[in-house]
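Single-structure report; data block below.
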Amino acid sequence: MATGGVYRNGSSKAPNLRTSSSFKSKLPASNVRRSIPGGATDSVSGRVRVAVRLRPRNAEEMAADADSADCVELQPELKRLKLRKNNWDSDTYEFDEVLTEYSSQKRVYEVVAKPVVESVLDGYNGTVMAYGQTGTGKTYTLGRLGDEDTSARGIMVRSMEDILSNISSETDSVSVSYLQLYMETILDLLNPAYDNIPIVEDQRNGDVSLPGASVVEIRDQQKFTDLLRLGENHRIAANTKLNTESSRSHAILMVHVKRSVLGREDDFSTENENRSHSVGNFKPPILRKGKLVVVDLAGSERVHKSGSEGHMLEEAKSINLSLSALGKCINALAENSSHVPVRDSKLTRLLKDSFGGTSRTSLVVTVGPSPRHRAETASTILFGQRAMKVENMLKIKEEFDYKSLSKRLEIELDKLIADNERQQKVYENEVERIRLEAQKRITEAERNCAEVLEEEKVKCQMDYMESIKKLEEKWSVNQQKCAANGEVPLDSVNNEVIEMKTLLQNEICLRKAAEEENNKLKLQLLKFLKAELADGNIDAMNLVEILEQESHQKKKLEEDVRALRSQLSQLSTEANQSRRYLERGGNGNTVAVLDCLSPLNHLHSRDSSNGERASIVNLHEQEANQEKIVEAGGLTSLLMLLRSYEDETISRIAAGAIANLAMNEANQELIMAQGGICLLAMTASDAEDPQTLRMVAGALANLCGNDKLQMRLRSEGGIKALLGMVRCRHPDVLSQVARGIANFAKCDSRASSQGSKLGRSLLIEDGALPWIVQNANNEASLIRRHVELAVCHLAQHEVNARDMISGGALWELVRISRDCSREDIKALARRTLTSSSTFVAEMRRLRIEV
């Protein structure tokens with residue numbers, strides 16, 4: 001979207017001060033403090049930073065302003081800009097950054113937008129905005145895609161590159177919306193079907209949102225570039241005199257960045273032995289939400305310079321109204337006014353957070369070098385100066401991310417459940433193995449015990465039988481002894497029986513003890529199996545309990561957010577008031593001339609009824625047709641129109657046609673002969689419309705260039721009428737007046753040098769000298785050049801010298817000889833000063849050197 005220059009828009013920024021000799025010190029840079037996570041945030045002051053960027057001259061300016069110096073001078077090392085008021089005086093302003101026409105796109109991004117992008121990544125809101133006259137490089141600075149030359153990439157593309165390189169694709173997210181504000185209506189550039197999108201404000205914190213706009217998640221740079229290209233194709237633009245592709249809407253890119261700043265290094269695949277500790281120590285991660293707003297404002301323009309008409313004129317009105325509303329808000333904030341008119345425009349509502357809100361804001365103001373647009377350049381610079389006084393209260397946007405924590409816990413729970421299932425299988429296999437081994441050992445123990453008991457039983461029986469046998473033998477022996485002796489030995493027998501009973505009882509106790517030991521081993525095995533099965537579910541039960549507690553806490557902390565929709569009233573456009581058609585009448589000759597000329601009428605008029613007469617001026621610009629028009633009585637009819645009709649439109653058309661005819665010397669005498677000067681003078685005194693006065697002044701200026709008509713011009717009031725039109729103060733009218741005076745002074749000087757005229761100049765006698773001196777250094781280069789020529793021509797006649805000295809014209813003549821931008825005029829002034837004895841004597845008295 002570039003124009004004939006190096007690029008279509010420019011950019012700028014800075015702190016400032018305004019004076020030619022002294023400078024204010026810069027405001028200190030704002031520091032950002034961290035906030036407390038999850039709620040209350042620390043607020044710090046952050047001044048709006050402003051940079052200024054100068055666009056290089058384009059081809060049209062190189063041709064039109066070849067003899068003129070640039071109206072701005074940059075001092076980047078001092079961060080200052082000088083705006084020329086005239087050839088020897090200028091105003092100085094100081095900005096945060098001054099970018100020359102040679103500054104690269106990378107440097108512009110680093111000094112203007114990169115600090116804002118870094119703040120957005122830290123959780124703050126940020127705004128980057130471009131402001132300036134149409135055609136000074138705003139869209140080039142912000143929205144250039146850099147398809148052909150990657151070094152020409154604008155702030156939008158470079159910002160997304162930085163954001164994507166500083167986030168994690170797993171835990172963070174980036175989404176964008178791309179809108180345009182056209183004729184006070186918000187349209188979606190990514191989906192044109194979404195139009196008239198409402199603005200919704202959160203009454204709790206004042207945040208502005210656009211729920212009807214499409215939001216696209218960005219994963220890579222190519223997708224973002226494609227979206228920008230799609231949006232630019234849908235953006236409304238038009239061809240004006242100042243810019244071949246002038247944006248007719250404000251473009252707004254919104255980038256939403258969500259970053260999780262805690263828990264990023266937590267690895268949920270930790271070793272099993274650490275899980276029991278990590279599960280109990282989970283903390284909610286902090287979610288930081290930053291929003292980057294990049295605003296490419298439509299360029300401010302003056303209708304008479306841009307040539308806007310019809311629907312384009314309505315677009316220009318809407319653009320200027322929204323920019324005016326933005327300027328009022330910035331003025332109110334800069335002056336700490338109690339009321340800021342934010343609701344005057346949708347643009348100011350969308351930028352509510354950017355100026356006077358919680359956003360870190362960088363403004364780049366773009367200017368051009370042409371002295372023809374000095375007024376627009378001055379207005380842009382003053383806008384940036386006022387914006388530098390605006391203080392924002394930066395607040396970090398962060399909160400506990402319970403949703404992310406819940407998701408992480410669910411993932412961890414799934415992992416733990418899977419691990420528990422695997423461990424449960426291992427436990428079951430181990431228990432089965434232990435059970436089989438225990439069963440085997442029990443069986444073996446029982447078998448061993450049974451064998452031992454059997455052996456003990458057999459042994460005991462053997463011992464018992466042996467003992468019984470011995471006892472029987474002893475008893476038999478004792479019986480024989482007793483029988484032989486006649487005695488019975490009962491005590492010994494009883495003792496042996498008791499001893500045998502004791503041994504038998506001991507054996508029975510040992511057997512019972514072995515059986516009890518066997519039962520104890522079985523009980524221990526069952527307890528061991530139960531304990532193994534119970535221990536396996538402890539971790540899972542603890543985790544489930546923790547999850548239930550977290551879910552309960554989550555339900556308590558979540559709140560429902562409701563947005564209130566407000567209906568926005570549409571601004572009604574002004575209806576054009578149609579002019580009444582010319583009343584039918586007049587003599588047949590007049591009607592015939594109008595019928596002949598109306599198809600060629602090319603005068604610019606907003607009234608459709610004037611279109612039939614709009615090409616009359618264009619007809620007279622063709623010399624081949626002028627003779628036919630005069631011969632057909634066209635000049636007489638045009639003068640009759642001036643005399644007969646009071647309608648200002650007819651007067652404007654007729655005066656324009658006469659002005660074109662007056663460019664021919666033969667026609668000039670006819671105009672004088674038919675009383676044209678008196679009619680033009682009467683029209684000049686009655687008209688108020690600047691365009692009508694411009695046509696009349698142009699006609700008189702052409703007549704002033706004829707040497708033969710000097711006396712009649714003065715006698716019939718032509719000179720006084722020309723001077724009287726300066727009351728309008730319109731630059732176009734003043735330009736024609738200055739041209740007429742320059743032509744008259746040139747003819748007057750020529751007549752004096754040829755000896756055909758004596759005495760003072762008629763201009764001086766009619767009181768034109770004060771106006772000439774006053775406008776000799778006019779800001780408008782065209783007016784200044786004509787007046788400088790008039791001063792030089794008047795000074796060539798020695799008889800005018802005294803009047804010029806007393807009227808202050810000598811000082812202007814000296815200034816012209818030193819500072820005039822045109823070398824031919826400067827040389828003429830020097831030659832005039834040195835050739836006049838009166839001027840030489842006065843300069844010697846005043847000690848002035850040429």
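Residue numbering restarts at 1 for every chain of the structure tokens, chains are lettered A, B, ... in their displayed order, and ligands are numbered from 1 as they appear.
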> Hey, what's within 9 Å of Met725 in chain A if we count only C-alpha atoms and toss same-chain stuff fewer than 6 positions away? As number ranges by chain, please?
Replying inline: A: 684-685, 693-694, 697, 733-734, 737
> Where in range 94-210 of chain A does DSSP assign strand (DSSP E), given as a ChimeraX atom specification?
Replying inline: /A:94,97-99,125-132,173-182,185-188,200-201,208-209
List every residue of range 646-755 of chain A that has an atom at most 9 Å from any atom of range 790-803 of chain A, and for each one report the closest atom pair and its distance in Å to one decimal, counting only C-alpha atoms, with rows sorted by chain and then by increasing residue number, as a Markdown table.
```
| residue | atom | partner | partner_atom | distance |
| --- | --- | --- | --- | --- |
| A:Ala738 | CA | A:Ala790 | CA | 8.2 |
| A:Arg739 | CA | A:Ala790 | CA | 8.7 |
| A:Ile741 | CA | A:Ala790 | CA | 6.5 |
| A:Ala742 | CA | A:Ala790 | CA | 4.3 |
| A:Asn743 | CA | A:Ala790 | CA | 7.6 |
| A:Phe744 | CA | A:Ala790 | CA | 8.1 |
| A:Ala745 | CA | A:Ala790 | CA | 5.5 |
| A:Lys746 | CA | A:His793 | CA | 5.5 |
| A:Cys747 | CA | A:His793 | CA | 8.7 |
| A:Asp748 | CA | A:Leu794 | CA | 7.8 |
| A:Ser749 | CA | A:His793 | CA | 5.7 |
| A:Arg750 | CA | A:His793 | CA | 8.6 |
| A:Ser752 | CA | A:His797 | CA | 6.6 |
| A:Ser753 | CA | A:His797 | CA | 7.4 |
```
Those residues you just picked out, can you put them in a file as a PDB file, in the first residue's frame with C-alpha atoms?
```
ATOM      1  CA  ALA A 738      -1.020  38.233  -4.320  1.00  0.00           C
ATOM      2  CA  ARG A 739      -0.668  37.161  -7.978  1.00  0.00           C
ATOM      3  CA  ILE A 741      -0.613  42.589  -7.102  1.00  0.00           C
ATOM      4  CA  ALA A 742       2.613  41.004  -8.407  1.00  0.00           C
ATOM      5  CA  ASN A 743       1.378  41.336 -12.026  1.00  0.00           C
ATOM      6  CA  PHE A 744       0.313  44.970 -11.466  1.00  0.00           C
ATOM      7  CA  ALA A 745       3.635  45.854  -9.791  1.00  0.00           C
ATOM      8  CA  LYS A 746       5.568  44.255 -12.657  1.00  0.00           C
ATOM      9  CA  CYS A 747       3.665  46.272 -15.285  1.00  0.00           C
ATOM     10  CA  ASP A 748       3.998  49.416 -13.162  1.00  0.00           C
ATOM     11  CA  SER A 749       7.767  48.909 -12.867  1.00  0.00           C
ATOM     12  CA  ARG A 750       8.091  48.285 -16.616  1.00  0.00           C
ATOM     13  CA  SER A 752       8.361  53.511 -15.066  1.00  0.00           C
ATOM     14  CA  SER A 753      11.587  52.150 -16.513  1.00  0.00           C
TER      15      SER A 753
END
```
> Taking only C-alpha atoms into account, which of A:Arg288, A:Ser175, A:Thr649, A:Arg386 comes nearest Lys328 in chain A?
Replying inline: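 Distance minimum relative to Lys328 in chain A lands on A:Arg386.
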>> Which residues are near Glu73 in chain A? Cut-off 10 Å, only C-alpha atoms, ignore same chain within fewer than 6 positions. Put them as a PyMOL selection string.
In response: chain A and resi 54+80-84+90+92+100+369
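Neighbouring residues of range 195-204 of chain A at 6 Å or closer, counting only C-alpha atoms and skipping chain neighbours under 5 positions away, are Thr185, Ile186, Leu187, Ser209, Leu210, Gly212 and Arg565 of chain A.
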> Between A:Cys820, A:Met804, A:Ala666, A:Ala699, which has the minimum distance to Ser68 in chain A (counting only C-alpha atoms)?
Replying inline: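 Closest candidate: A:Cys820.
In terms of minimum interatomic distance to Thr692 in chain A, A:Ser651 ranks closest within A:Gln736, A:Ser159, A:Thr150, A:Ser651, counting only C-alpha atoms.
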> Of the candidates A:Gly755, A:Gly384, A:Pro341, A:Pro284, which shows the shortest atom-to-atom distance to Ala130 in chain A, using only C-alpha atoms?
Replying inline: A:Gly384
